[in-house]
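K.L.:
Quick one: this structure, given as structure tokens, is what I'll be asking you about.
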Amino acid sequence: MDSDAVKKTIIKQALQATNTANARTLIENINEKCFERCVPKPGSSLSSGEQTCLTSCMEKYMAAWNEVNATYIRRIQQEMGNQSLFKQ
Amino acid sequence: MSSSDFSIEQSDLEKLSDKDKTELRQFFANEEQRSRIQSQTHELTGICWKKCITSSTIKSGALDKGEQNCLANCVDRFMDANLATMKHLASMRQQH
């Protein structure tokens, strides 16, 4: 391996690690929030209503994550714009 | 991220040119920021989900307009509250 190949390997492994960790946290949170919301009284098995709720909830949670992320980034950029230090 | 996430030999690391080392430092600085933003997003999503997604069963996977507005307001007001707390803290420190 030359320097460029070593660099690319490090970047690839780093991205894989952070992306995996991010996905794991997201899934843990989805499980927690959607179980709480969709299965208020656990029965002997998941009903079809509960299963439908769980899949909608998962999609909605991901949409909420994206909305929150976009708003948060917009806000950070706005705050940084207010500080002349960060102005280009 | 920890060293166990990487499978690379010490002998390969020594091959890195100064230019590539600088590039990698920049890459990791960016990744650190991206990672901080992502973990704050996880936290905020949890907080705002509780406040904005209030129906007892979830029928649609998409956000409706009301939910979307509520989430955006929730993030902005959380940041305002955070700033207000910091500001008040600073004034309390001056008094003592």
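Labeling convention for the structure tokens: chains A, B, ... as they appear, residues from 1 per chain, ligands from 1 in order of appearance.
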Please build the interface table for chain B against chain A with a cut-off of 7 Å, listing for each qualifying residue the nearest atom pair and the distance in Å to one decimal; count only C-alpha atoms, order rows by chain and increasing number, and write it as a tab-separated table.

P.N.:
```
residue	atom	partner	partner_atom	distance
B:Met1	CA	A:Ala17	CA	6.4
B:Asp5	CA	A:Ala17	CA	6.1
B:Phe6	CA	A:Gln13	CA	6.1
B:Asp12	CA	A:Val6	CA	6.5
B:Leu13	CA	A:Val6	CA	6.9
B:Lys15	CA	A:Ser3	CA	5.3
B:Leu16	CA	A:Ser3	CA	4.5
B:Ser17	CA	A:Ser3	CA	5.9
B:Asp20	CA	A:Lys7	CA	6.6
B:Thr41	CA	A:Asn69	CA	5.5
B:Thr45	CA	A:Trp65	CA	5.6
B:Ser56	CA	A:Arg37	CA	6.4
B:Thr57	CA	A:Cys38	CA	6.0
B:Ile58	CA	A:Cys53	CA	5.2
B:Lys59	CA	A:Cys53	CA	6.2
B:Ser60	CA	A:Ser56	CA	5.4
B:Gly61	CA	A:Ser56	CA	4.1
B:Ala62	CA	A:Lys60	CA	5.3
B:Leu63	CA	A:Lys60	CA	6.2
B:Leu71	CA	A:Val68	CA	6.4
B:Ala72	CA	A:Thr71	CA	5.8
B:Val75	CA	A:Tyr72	CA	6.4
```

K.L.:
Just the number, please: distance in Å from CA of Met86 in chain B to CA of Leu44 in chain B, one decimal.

P.N.:
18.1 Å

K.L.:
Would you kindly return, as a list in words, each protein, DNA or RNA residue with an atom no farther than 6 Å from any atom of Cys52 in chain B, considering only C-alpha atoms and excluding same-chain residues fewer than 2 positions away?

P.N.:
Cys48, Trp49, Lys50, Thr54, Glu67 and Cys70 of chain B

K.L.:
Enumerate, as JSON, numbers by chain, the complete set of residues in range 4-60 of chain B that a backbone-based DSSP assignment places in alpha helix (DSSP H).

P.N.:
{"B": [10, 11, 12, 13, 18, 19, 20, 21, 22, 23, 24, 25, 26, 27, 28, 29, 30, 31, 32, 33, 34, 35, 36, 37, 38, 39, 40, 41, 42, 43, 44, 45, 46, 47, 48, 49, 50, 51, 52]}

K.L.:
Rank nothing, just name the residue among B:His42, B:Arg93, B:Arg36, B:Ile47 nearest to Glu28 in chain A, using only C-alpha atoms.

P.N.:
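Ranking B:His42, B:Arg93, B:Arg36, B:Ile47 by distance to Glu28 in chain A, first place goes to B:His42.
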